[in-house]
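One file, data_6.csv, is given below (CSV, C-alpha atoms).
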```
chain,number,residue,atom,x,y,z
A,1,MET,CA,21.2,16.3,-15.3
A,2,GLY,CA,21.4,18.8,-12.5
A,3,PRO,CA,19.0,21.5,-13.7
A,4,ARG,CA,16.5,18.8,-14.8
A,5,ARG,CA,16.4,17.3,-11.3
A,6,VAL,CA,16.1,20.7,-9.7
A,7,ASP,CA,13.1,21.4,-11.9
A,8,PHE,CA,11.4,18.2,-11.0
A,9,ALA,CA,12.2,18.7,-7.3
A,10,GLU,CA,10.6,22.1,-7.4
A,11,PHE,CA,7.6,20.8,-9.2
A,12,TYR,CA,7.2,17.9,-6.8
A,13,ALA,CA,7.5,20.2,-3.8
A,14,ALA,CA,5.0,22.6,-5.2
A,15,SER,CA,2.5,20.1,-6.5
A,16,ARG,CA,2.5,16.9,-4.5
A,17,ASP,CA,-0.1,18.0,-1.9
A,18,ASP,CA,-2.5,19.4,-4.5
A,19,CYS,CA,-2.2,16.2,-6.6
A,20,LEU,CA,-2.8,14.0,-3.7
A,21,ARG,CA,-5.8,16.1,-2.6
A,22,ALA,CA,-7.2,15.9,-6.1
A,23,VAL,CA,-6.9,12.1,-6.3
A,24,VAL,CA,-8.4,11.7,-2.9
A,25,ALA,CA,-11.2,14.0,-3.8
A,26,ILE,CA,-12.0,12.2,-7.0
A,27,THR,CA,-11.6,8.6,-5.8
A,28,GLY,CA,-12.3,8.9,-2.1
A,29,ASP,CA,-9.7,6.1,-1.8
A,30,TRP,CA,-7.4,6.9,1.0
A,31,ALA,CA,-5.7,3.5,1.1
A,32,THR,CA,-4.1,3.7,-2.3
A,33,ALA,CA,-4.2,7.4,-3.2
A,34,GLU,CA,-0.7,8.2,-2.0
A,35,ASP,CA,0.7,5.1,-3.6
A,36,VAL,CA,-0.7,5.9,-7.0
A,37,VAL,CA,0.2,9.6,-6.8
A,38,ALA,CA,3.8,8.7,-5.8
A,39,GLU,CA,4.0,6.2,-8.7
A,40,ALA,CA,2.6,8.9,-11.1
A,41,PHE,CA,5.3,11.4,-9.9
A,42,ALA,CA,7.9,8.7,-10.4
A,43,ARG,CA,6.7,8.2,-14.0
A,44,ALA,CA,6.8,12.0,-14.4
A,45,TRP,CA,10.4,12.0,-13.2
A,46,ALA,CA,11.2,9.2,-15.6
A,47,SER,CA,9.7,11.2,-18.5
A,48,TRP,CA,10.5,14.6,-17.2
A,49,ARG,CA,11.9,15.9,-20.5
A,50,ARG,CA,8.4,15.4,-21.9
A,51,VAL,CA,6.2,15.9,-18.9
A,52,GLY,CA,8.1,19.0,-17.8
A,53,ARG,CA,7.0,20.7,-21.1
A,54,HIS,CA,3.4,19.6,-20.6
A,55,PRO,CA,1.0,22.6,-20.5
A,56,ALA,CA,-0.4,21.3,-17.2
A,57,PRO,CA,2.1,18.8,-15.6
A,58,ARG,CA,0.0,18.5,-12.4
A,59,ALA,CA,-3.0,17.4,-14.5
A,60,TRP,CA,-0.7,14.9,-16.2
A,61,VAL,CA,0.2,13.5,-12.8
A,62,VAL,CA,-3.4,13.3,-11.6
A,63,ARG,CA,-4.5,11.7,-14.8
A,64,THR,CA,-1.7,9.1,-14.6
A,65,ALA,CA,-2.5,8.4,-10.9
A,66,LEU,CA,-6.2,7.9,-11.8
A,67,ASN,CA,-5.3,5.5,-14.6
A,68,LEU,CA,-3.0,3.6,-12.2
A,69,GLY,CA,-5.8,3.4,-9.7
A,70,THR,CA,-7.9,1.4,-12.2
A,71,SER,CA,-5.1,-0.9,-13.1
A,72,SER,CA,-5.2,-4.6,-12.9
A,73,TRP,CA,-3.1,-4.7,-9.8
A,74,ARG,CA,-5.7,-2.9,-7.8
A,75,ARG,CA,-8.3,-5.4,-8.9
A,76,ARG,CA,-5.9,-8.2,-7.9
A,77,ARG,CA,-5.1,-6.5,-4.7
A,78,HIS,CA,-8.7,-6.5,-3.6
A,79,GLU,CA,-9.1,-10.1,-4.6
A,80,VAL,CA,-6.4,-11.2,-2.1
A,81,PRO,CA,-7.2,-9.2,1.0
A,82,GLY,CA,-5.3,-11.3,3.6
A,83,ASN,CA,-1.6,-10.9,3.3
A,84,LEU,CA,-1.8,-7.8,1.1
A,85,ASP,CA,-3.8,-6.0,3.8
A,86,THR,CA,-1.1,-6.9,6.3
A,87,LEU,CA,1.5,-5.6,3.9
A,88,ALA,CA,-0.4,-2.4,3.2
A,89,THR,CA,-0.8,-1.8,6.9
A,90,ALA,CA,2.8,-2.5,7.6
A,91,ALA,CA,3.8,-0.1,4.9
A,92,GLY,CA,1.8,2.7,6.5
A,93,ALA,CA,-1.2,2.6,4.2
A,94,PRO,CA,-4.2,1.1,6.1
A,95,ALA,CA,-7.5,1.4,4.4
A,96,ASP,CA,-8.7,4.2,6.6
A,97,VAL,CA,-5.5,6.2,6.8
A,98,GLY,CA,-6.2,9.9,6.6
A,99,ALA,CA,-9.9,9.4,6.6
A,100,GLY,CA,-10.3,11.7,9.5
A,101,LEU,CA,-8.3,14.5,7.9
A,102,VAL,CA,-11.2,15.8,5.7
A,103,ASP,CA,-14.6,16.8,6.7
A,104,PRO,CA,-16.8,13.8,5.8
A,105,GLN,CA,-19.5,16.2,4.5
A,106,ILE,CA,-17.3,17.5,1.6
A,107,MET,CA,-16.3,13.9,0.8
A,108,ALA,CA,-19.9,12.8,0.8
A,109,ALA,CA,-20.9,15.8,-1.4
A,110,LEU,CA,-18.1,15.1,-3.9
A,111,ALA,CA,-18.9,11.4,-3.9
A,112,ALA,CA,-22.5,12.2,-4.7
A,113,LEU,CA,-21.6,13.9,-7.9
A,114,PRO,CA,-21.4,12.0,-11.2
A,115,GLU,CA,-17.8,11.0,-11.8
A,116,ARG,CA,-17.2,13.4,-14.7
A,117,GLN,CA,-18.6,16.4,-12.7
A,118,ARG,CA,-16.4,15.4,-9.8
A,119,GLN,CA,-13.3,15.3,-12.0
A,120,VAL,CA,-14.1,18.6,-13.5
A,121,ILE,CA,-14.7,20.5,-10.3
A,122,VAL,CA,-11.7,18.9,-8.6
A,123,LEU,CA,-9.4,19.8,-11.4
A,124,ARG,CA,-10.8,23.3,-11.6
A,125,VAL,CA,-10.8,24.0,-7.8
A,126,LEU,CA,-8.0,21.9,-6.3
A,127,LEU,CA,-5.6,22.1,-9.2
A,128,ASP,CA,-6.7,25.5,-10.3
A,129,LEU,CA,-6.8,24.5,-14.0
A,130,ASP,CA,-8.7,26.7,-16.4
A,131,THR,CA,-11.4,25.4,-18.6
A,132,ALA,CA,-9.1,24.7,-21.6
A,133,ALA,CA,-6.6,22.8,-19.4
A,134,THR,CA,-9.3,20.8,-17.7
A,135,ALA,CA,-10.8,19.9,-21.1
A,136,ARG,CA,-7.4,18.7,-22.3
A,137,ALA,CA,-6.7,16.7,-19.2
A,138,LEU,CA,-10.0,14.9,-19.4
A,139,GLY,CA,-10.1,14.6,-23.1
A,140,ILE,CA,-13.5,16.4,-23.5
A,141,ALA,CA,-14.6,19.6,-25.1
A,142,PRO,CA,-14.4,22.9,-23.2
A,143,GLY,CA,-18.1,23.4,-23.6
A,144,THR,CA,-18.6,20.0,-21.9
A,145,VAL,CA,-16.4,21.2,-19.0
A,146,THR,CA,-18.5,24.3,-18.6
A,147,ALA,CA,-21.7,22.3,-18.5
A,148,HIS,CA,-20.3,19.8,-16.0
A,149,LEU,CA,-18.9,22.6,-13.9
A,150,ALA,CA,-22.2,24.5,-13.7
A,151,ARG,CA,-24.0,21.3,-12.6
A,152,ALA,CA,-21.3,20.3,-10.1
A,153,ALA,CA,-21.1,23.8,-8.6
A,154,SER,CA,-24.9,23.9,-8.2
A,155,ALA,CA,-25.0,20.5,-6.6
A,156,LEU,CA,-22.2,21.2,-4.2
A,157,ARG,CA,-23.8,24.5,-3.2
A,158,SER,CA,-27.0,22.8,-2.3
A,159,GLN,CA,-25.1,20.0,-0.5
A,160,LEU,CA,-22.9,22.3,1.5
A,161,ALA,CA,-25.4,25.1,2.2
A,162,PRO,CA,-26.9,23.3,5.3
A,163,ARG,CA,-23.4,22.9,6.6
A,164,SER,CA,-22.8,26.7,6.5
A,165,SER,CA,-26.1,27.4,8.3
A,166,GLN,CA,-25.3,24.8,11.0
A,167,GLY,CA,-21.9,26.4,11.5
A,168,SER,CA,-23.4,29.8,12.0
A,169,GLN,CA,-25.9,28.7,14.6
B,1,MET,CA,-10.2,30.9,-11.6
B,2,THR,CA,-9.2,32.8,-14.7
B,3,ASP,CA,-12.4,32.6,-16.8
B,4,HIS,CA,-16.0,33.3,-16.1
B,5,ASP,CA,-17.6,30.3,-14.5
B,6,PRO,CA,-19.9,29.3,-11.7
B,7,ILE,CA,-17.0,28.8,-9.3
B,8,THR,CA,-17.2,31.5,-6.7
B,9,ARG,CA,-14.7,32.2,-4.0
B,10,ASP,CA,-17.0,30.8,-1.3
B,11,LEU,CA,-17.3,27.5,-3.3
B,12,VAL,CA,-13.5,27.4,-3.8
B,13,ALA,CA,-13.0,27.9,0.0
B,14,ALA,CA,-15.7,25.3,0.8
B,15,VAL,CA,-13.9,22.7,-1.3
B,16,ARG,CA,-10.3,23.6,-0.7
B,17,GLU,CA,-10.2,24.2,3.0
B,18,PRO,CA,-11.3,20.7,4.1
B,19,PHE,CA,-8.4,19.3,2.2
B,20,ALA,CA,-5.8,21.5,3.7
B,21,GLY,CA,-4.6,18.8,6.1
B,22,VAL,CA,-4.0,16.3,3.3
B,23,ARG,CA,-0.3,16.2,2.7
B,24,MET,CA,1.9,13.9,0.7
B,25,ALA,CA,4.3,12.1,3.0
B,26,THR,CA,6.4,10.4,0.3
B,27,ALA,CA,9.9,11.9,0.2
B,28,ALA,CA,11.2,13.3,-3.1
B,29,GLU,CA,14.1,10.9,-2.9
B,30,ALA,CA,11.8,7.9,-2.8
B,31,VAL,CA,10.1,9.2,-6.0
B,32,THR,CA,13.3,9.7,-7.8
B,33,VAL,CA,14.6,6.3,-6.8
B,34,ARG,CA,11.4,4.8,-8.2
B,35,GLY,CA,11.7,7.0,-11.3
B,36,ARG,CA,15.2,5.7,-12.0
B,37,ALA,CA,13.9,2.1,-11.7
B,38,ILE,CA,11.2,2.9,-14.2
B,39,ARG,CA,13.7,4.4,-16.7
B,40,ARG,CA,15.9,1.3,-16.2
B,41,HIS,CA,13.0,-1.0,-16.9
B,42,ARG,CA,12.1,1.0,-20.0
B,43,ARG,CA,15.6,0.7,-21.3
B,44,GLN,CA,15.5,-3.0,-20.6
B,45,ARG,CA,12.2,-3.3,-22.4
B,46,ALA,CA,13.5,-1.3,-25.3
B,47,THR,CA,16.6,-3.5,-25.5
B,48,ALA,CA,14.4,-6.7,-25.3
B,49,ALA,CA,12.1,-5.3,-27.9
B,50,ALA,CA,15.0,-4.6,-30.2
B,51,ALA,CA,16.4,-8.0,-29.6
B,52,ALA,CA,13.0,-9.5,-30.2
B,53,ALA,CA,12.7,-7.6,-33.5
B,54,VAL,CA,16.1,-8.8,-34.6
B,55,ALA,CA,15.2,-12.4,-33.6
B,56,ALA,CA,11.8,-12.1,-35.4
B,57,GLY,CA,13.5,-10.8,-38.5
B,58,ALA,CA,16.0,-13.6,-38.4
B,59,LEU,CA,13.2,-16.1,-37.9
B,60,ALA,CA,11.3,-14.6,-40.8
B,61,ILE,CA,14.3,-15.0,-43.0
B,62,VAL,CA,14.7,-18.6,-41.9
B,63,ALA,CA,11.0,-19.2,-42.5
B,64,VAL,CA,11.2,-18.5,-46.2
B,65,LEU,CA,14.1,-20.8,-46.6
B,66,PRO,CA,13.1,-24.3,-48.0
B,67,GLY,CA,12.7,-26.8,-45.3
B,68,SER,CA,12.6,-24.3,-42.4
B,69,GLY,CA,10.2,-24.9,-39.6
B,70,ARG,CA,7.6,-22.6,-38.2
B,71,PRO,CA,9.2,-19.8,-36.1
B,72,ALA,CA,8.6,-20.0,-32.4
B,73,PRO,CA,6.8,-17.0,-30.9
B,74,VAL,CA,9.2,-14.5,-29.3
B,75,ARG,CA,8.4,-14.0,-25.6
B,76,LEU,CA,9.9,-11.5,-23.2
B,77,ALA,CA,11.3,-12.8,-20.0
B,78,ALA,CA,8.6,-13.9,-17.5
B,79,TRP,CA,10.3,-12.0,-14.8
B,80,THR,CA,13.4,-9.9,-14.1
B,81,VAL,CA,15.4,-9.6,-10.9
B,82,THR,CA,17.8,-6.7,-10.4
B,83,THR,CA,19.6,-5.3,-7.4
B,84,GLU,CA,19.5,-1.6,-7.1
B,85,PRO,CA,22.4,0.5,-6.0
B,86,THR,CA,20.7,0.8,-2.6
B,87,GLY,CA,20.8,-3.0,-2.2
B,88,ILE,CA,17.1,-3.3,-2.7
B,89,VAL,CA,16.1,-6.1,-5.0
B,90,ALA,CA,13.5,-5.2,-7.6
B,91,VAL,CA,11.4,-8.0,-9.1
B,92,THR,CA,9.4,-7.4,-12.2
B,93,ILE,CA,6.9,-10.2,-12.9
B,94,ARG,CA,5.3,-10.2,-16.3
B,95,ASP,CA,4.1,-13.7,-16.5
B,96,LEU,CA,3.5,-16.5,-14.0
B,97,ARG,CA,6.1,-18.9,-15.4
B,98,ASP,CA,9.1,-20.7,-14.1
B,99,PRO,CA,8.7,-20.2,-10.3
B,100,ALA,CA,11.7,-22.4,-9.6
B,101,GLY,CA,13.9,-20.2,-11.9
B,102,LEU,CA,12.6,-17.0,-10.1
B,103,GLN,CA,13.3,-18.6,-6.8
B,104,ARG,CA,16.9,-19.4,-7.8
B,105,ALA,CA,17.4,-15.9,-9.2
B,106,LEU,CA,16.2,-14.3,-6.0
B,107,ALA,CA,18.5,-16.5,-4.0
B,108,ALA,CA,21.4,-15.4,-6.2
B,109,HIS,CA,20.4,-11.8,-5.3
B,110,GLY,CA,20.5,-12.7,-1.6
B,111,VAL,CA,16.8,-13.2,-1.1
B,112,PRO,CA,15.8,-16.7,0.3
B,113,THR,CA,12.5,-17.3,-1.3
B,114,LEU,CA,9.7,-19.7,-1.7
B,115,VAL,CA,7.9,-18.9,-5.0
B,116,ARG,CA,4.8,-20.7,-6.1
B,117,PHE,CA,2.6,-19.9,-9.1
B,118,HIS,CA,-0.8,-21.4,-9.9
B,119,HIS,CA,-0.7,-23.5,-6.7
B,120,THR,CA,-4.0,-24.8,-5.5
B,121,GLY,CA,-3.2,-25.5,-1.9
B,122,SER,CA,-2.8,-23.3,1.1
B,123,LEU,CA,0.1,-20.9,1.1
B,124,ILE,CA,1.0,-21.8,4.6
B,125,PRO,CA,1.0,-25.6,5.4
B,126,SER,CA,1.2,-26.9,8.9
B,127,CYS,CA,4.9,-27.3,9.1
B,128,VAL,CA,5.8,-23.6,8.5
B,129,THR,CA,4.7,-20.4,10.2
B,130,SER,CA,4.2,-16.9,9.0
B,131,VAL,CA,5.8,-14.0,10.7
B,132,PRO,CA,4.0,-13.3,14.0
B,133,SER,CA,1.8,-10.3,14.1
B,134,THR,CA,4.0,-8.9,16.9
B,135,LEU,CA,6.8,-8.7,14.3
B,136,ALA,CA,4.8,-7.3,11.5
B,137,THR,CA,7.2,-4.4,11.2
B,138,ILE,CA,9.7,-6.9,9.8
B,139,GLU,CA,7.5,-7.3,6.7
B,140,HIS,CA,7.4,-3.6,6.4
B,141,ARG,CA,11.2,-3.5,6.3
B,142,VAL,CA,11.4,-6.5,3.9
B,143,PHE,CA,8.8,-5.3,1.4
B,144,VAL,CA,10.1,-1.9,1.0
B,145,GLN,CA,6.9,-0.5,-0.4
B,146,PRO,CA,3.5,-2.1,-1.3
B,147,PRO,CA,3.6,-3.9,-4.6
B,148,ALA,CA,3.0,-1.7,-7.6
B,149,ALA,CA,1.8,-2.7,-11.0
B,150,SER,CA,1.0,-1.4,-14.4
B,151,PRO,CA,-0.9,-3.5,-16.9
B,152,GLY,CA,1.0,-6.5,-17.8
B,153,ARG,CA,3.6,-6.5,-14.9
B,154,THR,CA,3.9,-6.4,-11.2
B,155,LEU,CA,6.8,-4.8,-9.3
B,156,LEU,CA,8.0,-5.9,-5.9
B,157,TYR,CA,10.8,-4.3,-3.9
B,158,ILE,CA,12.5,-6.5,-1.3
B,159,ASP,CA,15.3,-5.6,1.1
B,160,PRO,CA,17.4,-8.8,1.5
B,161,ALA,CA,19.2,-7.4,4.5
B,162,ALA,CA,15.9,-7.2,6.4
B,163,VAL,CA,14.9,-10.8,5.9
B,164,PRO,CA,15.4,-12.6,9.3
B,165,ARG,CA,17.9,-15.4,9.2
B,166,THR,CA,15.5,-18.2,9.7
B,167,TYR,CA,12.8,-16.9,7.3
B,168,LYS,CA,12.1,-17.0,3.7
B,169,VAL,CA,10.1,-14.6,1.5
B,170,ALA,CA,7.0,-16.3,0.2
B,171,ILE,CA,5.6,-15.3,-3.1
B,172,ASP,CA,2.4,-17.1,-4.1
B,173,ALA,CA,0.5,-16.1,-7.2
B,174,ALA,CA,-2.2,-17.4,-9.4
B,175,ARG,CA,-3.6,-15.8,-12.5
B,176,GLY,CA,-6.8,-14.0,-11.6
B,177,ASN,CA,-6.2,-14.4,-7.9
B,178,GLY,CA,-3.4,-11.9,-7.3
B,179,PHE,CA,-0.3,-12.2,-5.2
B,180,SER,CA,0.2,-13.2,-1.6
B,181,LEU,CA,3.4,-12.1,0.0
B,182,GLY,CA,4.8,-12.9,3.4
B,183,LEU,CA,7.6,-14.4,5.5
B,184,LEU,CA,7.7,-18.0,6.4
B,185,THR,CA,9.8,-20.1,8.8
B,186,HIS,CA,9.8,-23.6,10.1
B,187,ASN,CA,7.8,-24.4,13.2
B,188,GLY,CA,9.5,-27.7,14.0
B,189,HIS,CA,6.5,-29.8,12.9
B,190,CYS,CA,7.7,-30.7,9.4
B,191,PRO,CA,7.9,-34.4,8.7
B,192,PRO,CA,11.4,-35.8,8.4
B,193,GLY,CA,12.8,-35.4,4.9
B,194,SER,CA,10.1,-33.0,3.8
B,195,THR,CA,12.2,-29.9,3.9
B,196,PRO,CA,15.2,-30.4,1.7
B,197,GLY,CA,17.1,-27.2,1.2
B,198,GLY,CA,15.0,-25.1,3.5
B,199,ILE,CA,11.3,-24.6,3.8
B,200,GLY,CA,10.4,-27.3,1.4
B,201,ILE,CA,6.7,-27.3,0.9
B,202,SER,CA,5.8,-30.2,-1.3
B,203,SER,CA,3.4,-29.0,-4.0
B,204,THR,CA,2.4,-29.9,-7.4
B,205,PRO,CA,1.9,-26.8,-9.6
B,206,ARG,CA,-1.3,-26.9,-11.6
B,207,SER,CA,-0.6,-27.1,-15.3
B,208,HIS,CA,-2.0,-24.4,-17.5
```
Would it be possible to restate this file's structure as C-alpha cells?
Amino acid sequence: MGPRRVDFAEFYAASRDDCLRAVVAITGDWATAEDVVAEAFARAWASWRRVGRHPAPRAWVVRTALNLGTSSWRRRRHEVPGNLDTLATAAGAPADVGAGLVDPQIMAALAALPERQRQVIVLRVLLDLDTAATARALGIAPGTVTAHLARAASALRSQLAPRSSQGSQ
Amino acid sequence: MTDHDPITRDLVAAVREPFAGVRMATAAEAVTVRGRAIRRHRRQRATAAAAAAVAAGALAIVAVLPGSGRPAPVRLAAWTVTTEPTGIVAVTIRDLRDPAGLQRALAAHGVPTLVRFHHTGSLIPSCVTSVPSTLATIEHRVFVQPPAASPGRTLLYIDPAAVPRTYKVAIDAARGNGFSLGLLTHNGHCPPGSTPGGIGISSTPRSH
C-alpha cells in the first residue's frame, strides 16, 4: 500500500497542473475543469494498479476528465442554474474563475481550431506526448495526428503572429 | 517533441507560457479521499452485482419449475448513504425513487433532510426560507464539494456537523431537470399543523 501511494502522490504532484492546463485549453471551461480533473485523478488513484502501468497516465487522466465533462451531470447542471450556481460559487468554482489567468488571445486561437486539432496540439504541446501516444490517447491513427498537427500548428501561427508583432512594437 | 513535426520551439512557448499560471488547487489528500470512496462504491457495486446474479440465477431456476411465476426484474438500490471515516456523508443516487426512504436514511446518518423527487411545485414554499446569501459559506461547508456524477449516478457529499441547528438540507430532483440543493428553515409563516416533524412541505409527488 505504501509504495503505491507514494507513486501516485509523485504522479499527482508532477502532473496535476499540466493535466488541468490541457483540459482548460481543450474545453475552455474554467468552471468545471478543476472538478473533472480532480475526479479523473481520483479515478486514477482508485485504479492505480492499472493506470500506473499505462504508457501515458497523464493522457489517461485528461481523456477521463474530458469524458466526465460531457457526462449527464453537466447537462443536468446547466439545466438547473439557480441553486447549483450558488453551490458552485460557494465551493470556489464560479463560472469565470481563472479566466484572467490565461491570455485571452491564446484561448481564442485554440477555441477557433476544430476540436480534434485542438486536442492533438494540446496533448502534444502541453502534455508533451509524442505522435504515437497522442494517437493512442485519442483513438486515431498516427498519420491522422500528424495531419491534424500540421493544420493546427499552421492555424495557430497565423493566429498568434499578429500578437508577436504587437508585442515588439 | 521527440519526432519530426511542425511544432517548433517558438510555437511550444507561445502555447505553453500563457498557461503557466494555471495551477491545480485540489490537495492530493482530497483526491485520495475521493479515490477511496470510488473504490468502496466499486466494491459495493460488485457485491450488488454478484448478489443480483445469484438472485437472477435463483429466479431462473424457480421460473422453470411448474407453477412458478414470472421473475421480477432485479434492481440495484436507488440510492446509497454511507458515512465516511471523516464523518462526511456520501450519497449515491442512481434512481429517483423512494425519497421518503432516502430522507429517513440521511436522518439516521445525522443529516436532517427534505428530499423530493419528481415534485412539480416550487422548491421553497412561502413558509420556509433558504439560507441567506450572507451565510452562503454555510452551504460551502455543508456541501463539501460540488456534486459529481458519472453516467447513471450522482454523488453528493454532505457534512452533517456543518448543518445549522434549525436548518434542513433540501434535495429536490426531477428526471431531466437535474438537482437543486440548498438549506431550508422555517420563517414562522407556516400554517398551524402544516409542519409535522420539522419543515413539512405538503406535496404530492407526481407519479411516473
Any idea what's packed within 7 Å of Leu114 in chain B, counting all atoms listed in the file, ignoring anything in its chain fewer than 4 positions away? Could you give it as a PyMOL selection string? chain B and resi 103+168-171
Need to verify the contact set: Phe11 in chain A, 10 Å, all atoms listed in the file, exclusion of same-chain residues closer than 3 positions in sequence. Can you return it as JSON, numbers by chain? {"A": [5, 6, 7, 8, 14, 15, 16, 41, 52, 57, 58]}
Since we have the selection now, will you write its residues out, keeping C-alpha atoms, as an mmCIF file, keeping the file's coordinate frame?
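again.cif, freshly written:
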```
data_model
loop_
_atom_site.group_PDB
_atom_site.id
_atom_site.type_symbol
_atom_site.label_atom_id
_atom_site.label_comp_id
_atom_site.auth_asym_id
_atom_site.auth_seq_id
_atom_site.Cartn_x
_atom_site.Cartn_y
_atom_site.Cartn_z
ATOM 1 C CA ARG A 5 16.400 17.300 -11.300
ATOM 2 C CA VAL A 6 16.100 20.700 -9.700
ATOM 3 C CA ASP A 7 13.100 21.400 -11.900
ATOM 4 C CA PHE A 8 11.400 18.200 -11.000
ATOM 5 C CA ALA A 14 5.000 22.600 -5.200
ATOM 6 C CA SER A 15 2.500 20.100 -6.500
ATOM 7 C CA ARG A 16 2.500 16.900 -4.500
ATOM 8 C CA PHE A 41 5.300 11.400 -9.900
ATOM 9 C CA GLY A 52 8.100 19.000 -17.800
ATOM 10 C CA PRO A 57 2.100 18.800 -15.600
ATOM 11 C CA ARG A 58 0.000 18.500 -12.400
#
```
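Proximity ranking of B:Val81, B:Leu11, B:His140, B:Ala30 relative to Ala155 in chain A places B:Leu11 first, based on only C-alpha atoms.
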Please list as an MDAnalysis selection string every residue within 10 Å of Met107 in chain A, counting all atoms listed in the file and excluding residues in the same chain fewer than 2 positions away. (chainID A and resid 24:28 99 102:105 109:112) or (chainID B and resid 15 18:19)
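One distance worth recording is that between CA of Leu184 in chain B and CA of Glu139 in chain B, which is 10.7 Å.
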May I have the protein, DNA and RNA residues with any atom at most 12 Å from the point (-6.3, 24.0, -7.3), counting all atoms listed in the file, written as a PyMOL selection string? (chain A and resi 14-23+25+56+58-59+62+120-130+134) or (chain B and resi 1-2+7+12-13+15-17+19-20)
Contact residues around Arg39 in chain B with all atoms listed in the file at 12 Å, ignoring same-chain residues under 6 positions, as a list in words: Ala42, Arg43, Ala44, Trp45, Ala46, Ser47 and Trp48 of chain A; Thr32, Val33, Arg45 and Ala46 of chain B
Keeping only C-alpha atoms, write the selected residues as a CSV table (one decimal), in the coordinates of the input.
```csv
chain,number,residue,atom,x,y,z
A,42,ALA,CA,7.9,8.7,-10.4
A,43,ARG,CA,6.7,8.2,-14.0
A,44,ALA,CA,6.8,12.0,-14.4
A,45,TRP,CA,10.4,12.0,-13.2
A,46,ALA,CA,11.2,9.2,-15.6
A,47,SER,CA,9.7,11.2,-18.5
A,48,TRP,CA,10.5,14.6,-17.2
B,32,THR,CA,13.3,9.7,-7.8
B,33,VAL,CA,14.6,6.3,-6.8
B,45,ARG,CA,12.2,-3.3,-22.4
B,46,ALA,CA,13.5,-1.3,-25.3
```
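Of note, CA of Val51 in chain A and CA of Trp79 in chain B are spaced 28.5 Å apart.
Rounded to one decimal, CA of Thr82 in chain B and CA of Asp35 in chain A lie 21.9 Å from each other.
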Fewer than 3 positions away in the same chain doesn't count, so skip those; otherwise give me all residues within 12 Å of Thr86 in chain B, counting all atoms listed in the file, as number ranges by chain. B: 30, 33-34, 36-37, 82-83, 89-90, 144, 157-161
Can you work out which one of B:Ala50, B:Ala173, B:Ile88, B:Leu96 has the shortest atom-to-atom distance to chain A, counting all atoms listed in the file? B:Ala173
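Distances to chain B were evaluated for A:Ala141, A:Ala135, A:Val61, A:Leu156 using all atoms listed in the file, and the minimum falls at A:Leu156.
Between chain A and the candidates B:Thr185, B:Thr113, B:Thr8, B:Thr92, the tightest atom-to-atom separation, counting all atoms listed in the file, involves B:Thr8.
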